[in-house]
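For reference, work_18.tsv (TSV, C-alpha atoms):
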chain	number	residue	atom	x	y	z
D	1	MET	CA	-13.09	-1.58	13.63
D	2	SER	CA	-10.58	0.82	15.11
D	3	ASP	CA	-11.36	3.65	17.49
D	4	LEU	CA	-10.67	6.13	14.69
D	5	ILE	CA	-14.10	5.50	13.27
D	6	GLN	CA	-16.85	7.85	14.32
D	7	PRO	CA	-20.40	6.75	15.12
D	8	PRO	CA	-22.87	6.69	12.21
D	9	LEU	CA	-23.41	10.15	10.82
D	10	ASN	CA	-26.65	11.77	9.88
D	11	LEU	CA	-25.23	13.55	6.87
D	12	ASN	CA	-28.56	14.91	5.65
D	13	GLN	CA	-29.11	16.63	8.97
D	14	LEU	CA	-25.60	18.08	8.97
D	15	VAL	CA	-25.99	19.36	5.42
D	16	GLN	CA	-29.35	20.94	6.19
D	17	ALA	CA	-28.01	22.63	9.32
D	18	ALA	CA	-24.99	23.91	7.37
D	19	HIS	CA	-27.24	25.41	4.68
D	20	GLU	CA	-29.43	27.08	7.31
D	21	LYS	CA	-26.51	28.57	9.24
D	22	ASN	CA	-24.60	29.24	6.00
D	23	ASN	CA	-21.63	27.72	7.80
D	24	TYR	CA	-20.07	24.56	6.46
D	25	ASP	CA	-17.25	24.15	8.99
D	26	GLU	CA	-18.79	21.13	10.71
D	27	LEU	CA	-19.22	19.34	7.40
D	28	LEU	CA	-15.62	20.07	6.40
D	29	GLU	CA	-14.24	19.02	9.76
D	30	LEU	CA	-15.72	15.56	9.37
D	31	THR	CA	-13.01	14.72	6.86
D	32	PRO	CA	-9.42	14.74	8.15
D	33	TYR	CA	-8.01	15.04	4.61
D	34	ALA	CA	-10.09	18.19	3.95
D	35	LYS	CA	-8.69	19.70	7.15
D	36	LEU	CA	-5.15	18.72	6.14
D	37	LEU	CA	-5.42	20.67	2.88
D	38	GLY	CA	-7.41	23.50	4.50
D	39	ILE	CA	-10.52	23.26	2.35
D	40	GLU	CA	-13.17	25.94	2.94
D	41	CYS	CA	-16.57	26.39	1.47
D	42	LEU	CA	-18.40	29.60	0.57
D	43	ARG	CA	-21.95	29.95	-0.60
D	44	LEU	CA	-22.59	32.66	-3.17
D	45	GLY	CA	-26.33	32.64	-3.82
D	46	ASP	CA	-27.08	29.34	-5.49
D	47	ASP	CA	-23.42	28.75	-6.23
D	48	MET	CA	-20.99	26.89	-4.04
D	49	VAL	CA	-17.37	27.97	-4.20
D	50	PHE	CA	-14.63	25.97	-2.51
D	51	ARG	CA	-11.29	27.41	-1.45
D	52	ILE	CA	-7.91	26.39	-0.10
D	53	ALA	CA	-5.85	29.22	1.33
D	54	ALA	CA	-2.15	29.44	0.47
D	55	ASN	CA	-0.38	26.93	2.74
D	56	LYS	CA	3.31	26.00	2.65
D	57	ASP	CA	2.46	22.39	3.48
D	58	ASN	CA	0.68	22.09	0.12
D	59	ILE	CA	3.71	23.03	-1.99
D	60	GLY	CA	4.97	20.43	-4.46
D	61	ASN	CA	7.28	22.51	-6.64
D	62	PRO	CA	9.91	24.44	-4.69
D	63	ILE	CA	11.13	26.36	-7.76
D	64	LEU	CA	8.04	28.36	-8.74
D	65	PRO	CA	6.88	27.71	-5.90
D	66	ALA	CA	3.67	25.92	-6.83
D	67	ILE	CA	1.03	23.81	-5.14
D	68	HIS	CA	1.42	20.04	-5.58
D	69	GLY	CA	-0.67	18.78	-8.50
D	70	GLY	CA	-2.02	16.05	-6.22
D	71	VAL	CA	-3.25	18.68	-3.76
D	72	ILE	CA	-5.08	20.50	-6.56
D	73	ALA	CA	-6.60	17.18	-7.66
D	74	GLY	CA	-7.53	16.15	-4.11
D	75	PHE	CA	-9.08	19.57	-3.51
D	76	MET	CA	-11.13	19.30	-6.72
D	77	GLU	CA	-12.21	15.73	-5.95
D	78	HIS	CA	-13.34	16.71	-2.46
D	79	SER	CA	-15.14	19.79	-3.80
D	80	ALA	CA	-17.08	17.56	-6.19
D	81	MET	CA	-17.95	15.13	-3.40
D	82	LEU	CA	-19.17	17.94	-1.13
D	83	HIS	CA	-21.08	19.55	-3.98
D	84	LEU	CA	-22.95	16.27	-4.55
D	85	LEU	CA	-23.58	15.87	-0.85
D	86	MET	CA	-24.97	19.41	-0.59
D	87	PHE	CA	-27.25	19.43	-3.57
D	88	MET	CA	-28.25	15.83	-4.12
D	89	GLY	CA	-29.33	14.81	-0.63
D	90	ALA	CA	-27.18	11.68	-0.63
D	91	PRO	CA	-27.30	9.91	2.76
D	92	HIS	CA	-23.63	8.83	2.58
D	93	PHE	CA	-20.38	10.14	1.19
D	94	PRO	CA	-20.32	9.56	-2.59
D	95	LYS	CA	-17.54	7.13	-3.57
D	96	ILE	CA	-15.05	7.98	-6.30
D	97	ILE	CA	-15.07	5.73	-9.39
D	98	ASP	CA	-12.66	7.60	-11.64
D	99	PHE	CA	-11.01	10.99	-11.81
D	100	SER	CA	-9.31	12.76	-14.70
D	101	ILE	CA	-7.53	16.11	-14.47
D	102	ASP	CA	-5.96	18.45	-17.00
D	103	TYR	CA	-3.41	20.90	-15.63
D	104	LEU	CA	-3.66	24.14	-17.59
D	105	ARG	CA	-1.46	26.55	-15.64
D	106	ALA	CA	0.88	26.37	-12.65
D	107	GLY	CA	-1.00	26.53	-9.34
D	108	HIS	CA	1.04	29.26	-7.69
D	109	TYR	CA	1.51	29.66	-3.96
D	110	ARG	CA	-1.71	31.59	-3.34
D	111	ASP	CA	-5.42	30.98	-2.66
D	112	THR	CA	-7.11	28.51	-4.99
D	113	PHE	CA	-10.83	28.22	-5.77
D	114	ALA	CA	-13.00	25.51	-7.27
D	115	SER	CA	-16.58	25.20	-8.48
D	116	CYS	CA	-18.51	22.19	-9.72
D	117	GLN	CA	-21.10	21.35	-12.33
D	118	VAL	CA	-23.13	18.16	-12.07
D	119	TRP	CA	-23.72	17.15	-15.69
D	120	ARG	CA	-25.66	14.03	-14.92
D	121	GLN	CA	-26.96	12.34	-11.83
D	122	GLY	CA	-28.44	8.92	-12.30
D	123	ARG	CA	-29.69	6.63	-9.58
D	124	ARG	CA	-26.30	5.04	-9.08
D	125	VAL	CA	-23.69	7.24	-10.71
D	126	ALA	CA	-23.07	10.99	-10.94
D	127	ASN	CA	-20.85	12.80	-13.43
D	128	VAL	CA	-19.28	16.03	-12.16
D	129	ALA	CA	-17.04	18.60	-13.87
D	130	ILE	CA	-14.76	20.71	-11.68
D	131	THR	CA	-12.92	23.94	-12.49
D	132	ALA	CA	-10.12	25.37	-10.35
D	133	TRP	CA	-8.72	28.90	-10.62
D	134	GLN	CA	-6.65	31.43	-8.72
D	135	THR	CA	-6.75	34.99	-10.04
D	136	THR	CA	-9.72	34.89	-12.41
D	137	ARG	CA	-12.28	32.26	-13.09
D	138	SER	CA	-11.83	32.67	-16.84
D	139	GLU	CA	-8.21	31.47	-16.52
D	140	PRO	CA	-8.51	28.09	-14.81
D	141	ILE	CA	-5.38	26.38	-13.48
D	142	ALA	CA	-7.03	22.96	-13.90
D	143	THR	CA	-10.19	21.30	-15.12
D	144	ALA	CA	-11.27	17.85	-14.01
D	145	ARG	CA	-14.12	15.39	-14.34
D	146	ALA	CA	-15.12	12.58	-12.06
D	147	HIS	CA	-17.66	9.81	-11.67
D	148	PHE	CA	-19.03	9.04	-8.22
D	149	LYS	CA	-21.12	6.13	-7.03
D	150	VAL	CA	-24.07	7.61	-5.16
D	151	ASP	CA	-26.49	4.74	-4.47
D	152	GLU	CA	-25.61	4.05	-0.85
D	153	SER	CA	-28.21	2.73	1.50
L	1	MET	CA	23.08	5.43	-14.91
L	2	SER	CA	23.38	3.05	-11.97
L	3	ASP	CA	20.39	2.04	-9.86
L	4	SER	CA	22.00	3.51	-6.75
L	5	LEU	CA	22.42	6.90	-8.45
L	6	ILE	CA	18.77	6.85	-9.57
L	7	LEU	CA	17.77	5.97	-6.00
L	8	GLU	CA	19.76	8.89	-4.59
L	9	ARG	CA	18.20	11.27	-7.09
L	10	ALA	CA	14.69	10.01	-6.38
L	11	GLN	CA	15.20	10.41	-2.64
L	12	ARG	CA	16.59	13.93	-3.04
L	13	PHE	CA	13.73	14.87	-5.40
L	14	LEU	CA	11.09	13.54	-3.02
L	15	SER	CA	12.64	15.23	0.02
L	16	ALA	CA	12.42	18.62	-1.78
L	17	LEU	CA	8.62	18.35	-2.16
L	18	ARG	CA	7.05	19.75	0.98
L	19	HIS	CA	3.61	18.19	0.60
L	20	CYS	CA	5.14	14.75	0.02
L	21	GLN	CA	7.00	15.12	3.31
L	22	VAL	CA	3.71	16.04	5.01
L	23	LEU	CA	2.18	12.79	3.69
L	24	GLY	CA	5.31	10.81	4.63
L	25	LEU	CA	6.04	9.48	1.12
L	26	THR	CA	9.21	7.39	0.83
L	27	VAL	CA	11.04	5.65	-2.03
L	28	HIS	CA	10.32	1.92	-1.75
L	29	ALA	CA	12.20	0.78	-4.87
L	30	ILE	CA	13.57	2.23	-8.09
L	31	ASP	CA	15.57	1.01	-11.08
L	32	SER	CA	15.82	2.01	-14.74
L	33	GLN	CA	12.40	0.43	-15.39
L	34	ARG	CA	10.07	1.67	-12.68
L	35	LEU	CA	9.64	3.52	-9.41
L	36	THR	CA	7.67	2.44	-6.33
L	37	LEU	CA	6.75	4.97	-3.62
L	38	ARG	CA	5.11	4.18	-0.28
L	39	LEU	CA	2.30	6.22	1.27
L	40	PRO	CA	1.92	5.30	4.97
L	41	TYR	CA	-1.59	5.08	6.39
L	42	SER	CA	-2.36	7.96	8.70
L	43	ARG	CA	-5.39	9.50	10.29
L	44	GLN	CA	-4.77	12.86	8.58
L	45	ILE	CA	-5.49	11.44	5.10
L	46	ILE	CA	-8.81	9.77	5.94
L	47	GLY	CA	-11.42	10.76	3.36
L	48	ASN	CA	-14.43	8.84	4.63
L	49	PRO	CA	-14.96	9.28	8.37
L	50	GLU	CA	-17.64	6.57	8.29
L	51	THR	CA	-15.18	3.87	7.17
L	52	GLY	CA	-11.66	5.23	7.83
L	53	VAL	CA	-10.81	4.78	4.14
L	54	ILE	CA	-8.16	7.22	2.88
L	55	HIS	CA	-9.10	10.03	0.51
L	56	GLY	CA	-8.73	9.59	-3.25
L	57	GLY	CA	-6.78	12.84	-3.21
L	58	ALA	CA	-3.98	11.23	-1.19
L	59	ILE	CA	-3.81	8.43	-3.76
L	60	THR	CA	-3.81	11.01	-6.57
L	61	THR	CA	-0.90	12.81	-4.88
L	62	LEU	CA	0.93	9.50	-4.46
L	63	MET	CA	0.41	8.60	-8.14
L	64	ASP	CA	1.14	12.09	-9.54
L	65	THR	CA	4.39	12.05	-7.55
L	66	THR	CA	5.26	8.47	-8.53
L	67	CYS	CA	4.59	9.08	-12.23
L	68	GLY	CA	6.44	12.43	-12.09
L	69	ILE	CA	9.54	11.09	-10.35
L	70	SER	CA	9.58	7.96	-12.56
L	71	THR	CA	10.85	10.30	-15.30
L	72	LEU	CA	14.22	10.04	-13.50
L	73	CYS	CA	14.33	6.41	-14.70
L	74	VAL	CA	14.50	7.45	-18.36
L	75	LEU	CA	16.20	10.88	-18.36
L	76	PRO	CA	20.01	11.06	-18.20
L	77	ASP	CA	19.80	14.50	-16.56
L	78	PHE	CA	17.19	15.83	-14.17
L	79	GLU	CA	14.49	17.87	-15.90
L	80	ILE	CA	11.45	19.56	-14.42
L	81	CYS	CA	8.44	17.76	-15.89
L	82	PRO	CA	5.09	19.33	-14.99
L	83	THR	CA	2.00	17.14	-15.23
L	84	LEU	CA	-0.17	17.78	-18.29
L	85	ASP	CA	-2.89	15.37	-17.26
L	86	LEU	CA	-3.58	12.43	-15.00
L	87	ARG	CA	-6.37	9.86	-14.94
L	88	ILE	CA	-7.11	7.48	-12.08
L	89	ASP	CA	-9.53	4.56	-12.20
L	90	TYR	CA	-10.44	3.09	-8.82
L	91	MET	CA	-10.61	-0.71	-8.99
L	92	ARG	CA	-11.58	-1.20	-5.35
L	93	PRO	CA	-11.58	0.86	-2.17
L	94	ALA	CA	-8.36	1.05	-0.18
L	95	GLU	CA	-8.45	-0.82	3.13
L	96	PRO	CA	-7.99	1.28	6.27
L	97	ASN	CA	-4.85	0.95	8.41
L	98	LYS	CA	-2.73	-0.27	5.50
L	99	ASP	CA	0.00	1.52	3.55
L	100	VAL	CA	-0.41	2.15	-0.17
L	101	PHE	CA	2.34	1.54	-2.73
L	102	GLY	CA	2.43	3.48	-6.00
L	103	VAL	CA	4.24	1.98	-8.99
L	104	ALA	CA	4.95	3.86	-12.24
L	105	GLU	CA	6.93	3.53	-15.45
L	106	CYS	CA	7.56	5.74	-18.47
L	107	TYR	CA	6.42	3.83	-21.53
L	108	ARG	CA	7.13	6.43	-24.18
L	109	VAL	CA	9.58	9.31	-24.17
L	110	THR	CA	9.57	11.97	-26.90
L	111	PRO	CA	11.59	15.21	-27.06
L	112	ASN	CA	8.67	17.10	-25.52
L	113	ILE	CA	6.41	14.62	-23.75
L	114	ILE	CA	6.77	11.65	-21.39
L	115	PHE	CA	3.90	9.14	-21.18
L	116	THR	CA	3.66	7.28	-17.89
L	117	ARG	CA	1.41	4.58	-16.47
L	118	GLY	CA	1.14	2.91	-13.13
L	119	TYR	CA	-1.00	1.47	-10.39
L	120	ALA	CA	-1.52	1.62	-6.65
L	121	TYR	CA	-1.80	-1.45	-4.41
L	122	GLN	CA	-1.81	-2.44	-0.76
L	123	ASP	CA	-1.12	-6.17	-0.24
L	124	ASP	CA	-0.97	-7.63	-3.72
L	125	PRO	CA	0.32	-5.88	-6.87
L	126	GLU	CA	-1.94	-8.25	-8.85
L	127	GLN	CA	-4.97	-6.72	-7.13
L	128	PRO	CA	-4.43	-2.98	-7.62
L	129	ILE	CA	-6.69	-0.49	-5.90
L	130	ALA	CA	-6.20	2.00	-8.76
L	131	ASN	CA	-4.83	2.22	-12.29
L	132	VAL	CA	-3.25	5.43	-13.53
L	133	VAL	CA	-2.03	7.09	-16.71
L	134	GLY	CA	-0.27	10.44	-16.70
L	135	THR	CA	1.33	12.67	-19.32
L	136	PHE	CA	4.23	14.96	-18.46
L	137	MET	CA	5.86	17.79	-20.37
L	138	ARG	CA	9.63	18.06	-20.67
L	139	MET	CA	10.85	21.55	-19.86
L	140	GLY	CA	14.49	20.85	-20.73
L	141	LYS	CA	17.31	21.74	-18.40
L	142	GLY	CA	16.79	25.49	-18.26
L	143	ALA	CA	13.25	25.78	-16.91
L	144	GLN	CA	12.69	29.05	-15.07
L	145	GLY	CA	10.65	29.88	-12.00
L	146	ASP	CA	9.32	33.12	-10.54
L	147	THR	CA	12.61	33.78	-8.80
L	148	GLU	CA	12.09	37.54	-9.11
L	149	LEU	CA	8.76	37.40	-7.35
L	150	LYS	CA	9.38	34.91	-4.55
L	151	SER	CA	12.49	35.39	-2.51
L	152	THR	CA	11.91	31.99	-0.89
L	153	ALA	CA	11.92	30.19	-4.23
L	154	VAL	CA	14.73	27.78	-5.03
L	155	LYS	CA	16.62	28.72	-8.19
L	156	PRO	CA	16.26	26.13	-10.99
L	157	ASP	CA	20.03	25.57	-11.25
L	158	GLN	CA	20.31	25.04	-7.50
L	159	PHE	CA	17.45	22.57	-7.58
L	160	LYS	CA	18.81	20.63	-10.54
L	161	GLY	CA	22.23	20.52	-8.86
L	162	ALA	CA	20.66	19.32	-5.63
L	163	ILE	CA	18.85	16.46	-7.41
L	164	ASP	CA	21.69	15.45	-9.77
L	165	GLY	CA	24.15	15.57	-6.88
L	166	GLY	CA	26.94	16.75	-9.19
L	167	LYS	CA	27.28	13.28	-10.74
L	168	ALA	CA	26.08	11.79	-14.00

Write the structure described by the file as C-alpha cells, please.
Amino acid sequence: MSDLIQPPLNLNQLVQAAHEKNNYDELLELTPYAKLLGIECLRLGDDMVFRIAANKDNIGNPILPAIHGGVIAGFMEHSAMLHLLMFMGAPHFPKIIDFSIDYLRAGHYRDTFASCQVWRQGRRVANVAITAWQTTRSEPIATARAHFKVDES
Amino acid sequence: MSDSLILERAQRFLSALRHCQVLGLTVHAIDSQRLTLRLPYSRQIIGNPETGVIHGGAITTLMDTTCGISTLCVLPDFEICPTLDLRIDYMRPAEPNKDVFGVAECYRVTPNIIFTRGYAYQDDPEQPIANVVGTFMRMGKGAQGDTELKSTAVKPDQFKGAIDGGKA
C-alpha cells in the first residue's frame, strides 16, 4: 500500500482519551476529508453536536451564497460516523451502505451544526438519523438518514 | 442546442462553484443525454485513514454536482435548480489512488421538478461504486439571492449571463 496509509489505529483508545479530555481534535484530524471541510465536535452533556464554521471553500452556490449541498451531506455523513464511533465502541470506522438527504432550506454562508440519533444498532448494521441546522435547531436546513456497516473485526 | 454549447455552459457552471474547484472536479463528457464529471483522487478527500479510501461525502458532492449540472442537458436556458433530495447506494468501496467518474441524466422534466439518476464508477461503468437518484426544483429564470445582505454575492442575472454565455 502507499505511504499515505497510517499504521493501524487503536480507535477505542483514541475515543476514550477524547471523551476524558473532552477534546476531539485528534479524532477529527485522523480524517483528511473532515479537516478539509473543517468539522468540529462539541460535547454538551450527553449530547454530541458537530459543527462546520463558515468557510468560503465550502460554497457551492455563488448567488445566495450557500454551502454546497454535497458539503452539507458529507458533513452529516461524517457526523453520523463519528457519533457511532463515540457511542458504540466500534473498533474500526463504520462503513457507509446508503445515504439519503432531504434539503429543507438553503445552507447559507454561516456556521452549520449537526446532531445524530441512532435509531437501531444491530450486530452488523446501524441506522442513524442526522439533522443539520444553522440559526435554530427547530428549523433544520437538512435531514438525512444513513445505514452503516459496523461489524468490523 | 449543440453539444459544444452545452459543454461550454457546463464548464462555466462548474468553474463558478468554489467547493467543486477545491475538489478539482472537471467535465469529462456531456451531450444532450448525460453528463460525466471527474473527481481526481487526492489525499485531502480520504475518509478512512486506515485504508486510504475516499470519503462518501466527496462522492456525494460529485454526484450532487453531476445530477445538478445535468439539468443543462434538458433545459434550453440556464435555471438555478436547488437539490430537493438525493439518495446514494454504495455498491462497493472506492479503490484508493483512482479517480472517480460521476454520470447523470435527467429522466423526467416537469414544469417544477427535474428527476435525475446516475452512478459513480472508477474503471468500469458496468461495475459502479454507487447508484444515485436526485430530485431538483426548477426556480425559473428569475431566482433571487440575498443580494441585499451579501455584498460579495453574484447577482442572479450576472450568473445566468455568465453560464449562458450570451448565446442560445

Output the contact residues of chain L with respect to chain D at a cut-off of 9 Å, based on all atoms listed in the file, as an mmCIF file with C-alpha atoms, in the frame of the given file.
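So the final result, stored in iface-v7.cif, reads:
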data_model
loop_
_atom_site.group_PDB
_atom_site.id
_atom_site.type_symbol
_atom_site.label_atom_id
_atom_site.label_comp_id
_atom_site.auth_asym_id
_atom_site.auth_seq_id
_atom_site.Cartn_x
_atom_site.Cartn_y
_atom_site.Cartn_z
ATOM 1 C CA ALA L 16 12.420 18.620 -1.780
ATOM 2 C CA LEU L 17 8.620 18.350 -2.160
ATOM 3 C CA ARG L 18 7.050 19.750 0.980
ATOM 4 C CA HIS L 19 3.610 18.190 0.600
ATOM 5 C CA CYS L 20 5.140 14.750 0.020
ATOM 6 C CA GLN L 21 7.000 15.120 3.310
ATOM 7 C CA VAL L 22 3.710 16.040 5.010
ATOM 8 C CA ARG L 43 -5.390 9.500 10.290
ATOM 9 C CA GLN L 44 -4.770 12.860 8.580
ATOM 10 C CA ILE L 45 -5.490 11.440 5.100
ATOM 11 C CA ILE L 46 -8.810 9.770 5.940
ATOM 12 C CA GLY L 47 -11.420 10.760 3.360
ATOM 13 C CA ASN L 48 -14.430 8.840 4.630
ATOM 14 C CA PRO L 49 -14.960 9.280 8.370
ATOM 15 C CA GLU L 50 -17.640 6.570 8.290
ATOM 16 C CA THR L 51 -15.180 3.870 7.170
ATOM 17 C CA GLY L 52 -11.660 5.230 7.830
ATOM 18 C CA ILE L 54 -8.160 7.220 2.880
ATOM 19 C CA HIS L 55 -9.100 10.030 0.510
ATOM 20 C CA GLY L 56 -8.730 9.590 -3.250
ATOM 21 C CA GLY L 57 -6.780 12.840 -3.210
ATOM 22 C CA ALA L 58 -3.980 11.230 -1.190
ATOM 23 C CA ILE L 59 -3.810 8.430 -3.760
ATOM 24 C CA THR L 60 -3.810 11.010 -6.570
ATOM 25 C CA THR L 61 -0.900 12.810 -4.880
ATOM 26 C CA LEU L 62 0.930 9.500 -4.460
ATOM 27 C CA MET L 63 0.410 8.600 -8.140
ATOM 28 C CA ASP L 64 1.140 12.090 -9.540
ATOM 29 C CA THR L 65 4.390 12.050 -7.550
ATOM 30 C CA PRO L 82 5.090 19.330 -14.990
ATOM 31 C CA THR L 83 2.000 17.140 -15.230
ATOM 32 C CA LEU L 84 -0.170 17.780 -18.290
ATOM 33 C CA ASP L 85 -2.890 15.370 -17.260
ATOM 34 C CA LEU L 86 -3.580 12.430 -15.000
ATOM 35 C CA ARG L 87 -6.370 9.860 -14.940
ATOM 36 C CA ILE L 88 -7.110 7.480 -12.080
ATOM 37 C CA ASP L 89 -9.530 4.560 -12.200
ATOM 38 C CA TYR L 90 -10.440 3.090 -8.820
ATOM 39 C CA MET L 91 -10.610 -0.710 -8.990
ATOM 40 C CA ARG L 92 -11.580 -1.200 -5.350
ATOM 41 C CA PRO L 93 -11.580 0.860 -2.170
ATOM 42 C CA ASN L 97 -4.850 0.950 8.410
ATOM 43 C CA GLN L 144 12.690 29.050 -15.070
ATOM 44 C CA GLY L 145 10.650 29.880 -12.000
ATOM 45 C CA ASP L 146 9.320 33.120 -10.540
ATOM 46 C CA THR L 147 12.610 33.780 -8.800
ATOM 47 C CA LYS L 150 9.380 34.910 -4.550
ATOM 48 C CA THR L 152 11.910 31.990 -0.890
ATOM 49 C CA ALA L 153 11.920 30.190 -4.230
ATOM 50 C CA VAL L 154 14.730 27.780 -5.030
ATOM 51 C CA LYS L 155 16.620 28.720 -8.190
ATOM 52 C CA PRO L 156 16.260 26.130 -10.990
ATOM 53 C CA PHE L 159 17.450 22.570 -7.580
#

So that I can see what lies close to Met86 of chain D, please list as a PyMOL selection string the residues with an atom at most 9 Å from it, counting all atoms listed in the file and leaving out residues fewer than 6 positions away in the same chain. chain D and resi 12+15-16+19

If we count only C-alpha atoms and set the cut-off at 9 Å, which residues sit around Arg43 of chain D, ignoring sequence neighbours fewer than 6 positions away in its own chain? Please answer as a ChimeraX atom specification. /D:19,22-23,49-50

Need to verify the contact set: Asp124 of chain L, 12 Å, only C-alpha atoms, exclusion of same-chain residues closer than 3 positions in sequence. Can you return it as a PyMOL selection string? chain L and resi 94+98-102+119-121+127-129

Using only C-alpha atoms, pick whichever of L:Val109, L:Val103, L:Leu72, L:Met139 has the shortest atom-to-atom distance to Phe13 of chain L.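 So, comparing all the options, the nearest one is L:Leu72.
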
Just the number, please: distance in Å from atom CA of Phe136 of chain L to atom CA of Leu14 of chain L, one decimal.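 Atom CA of Phe136 of chain L sits 17.0 Å away from atom CA of Leu14 of chain L.
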
Close residues, Phe87 of chain D itself excluded, 12 Å, all atoms listed in the file, min 6 positions apart in chain, as a VMD selection string: chain D and resid 12 15 to 16 19 46 to 48 80 to 81 116 to 118 121 126

In Å, with one decimal, what is the gap from atom CA of Gly107 of chain D to atom CA of Gly118 of chain L?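 Straight-line distance from atom CA of Gly107 of chain D to atom CA of Gly118 of chain L works out to 24.0 Å.
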
Find the distance between atom CA of Arg123 of chain D and atom CA of Asp25 of chain D and write it in Å to one decimal.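 About the pair atom CA of Arg123 of chain D and atom CA of Asp25 of chain D: they are 28.4 Å apart.
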
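Residue nearest Arg34 of chain L, chosen from L:Lys160, L:Arg138, L:Arg12, L:Arg117 and counting all atoms listed in the file: L:Arg117.
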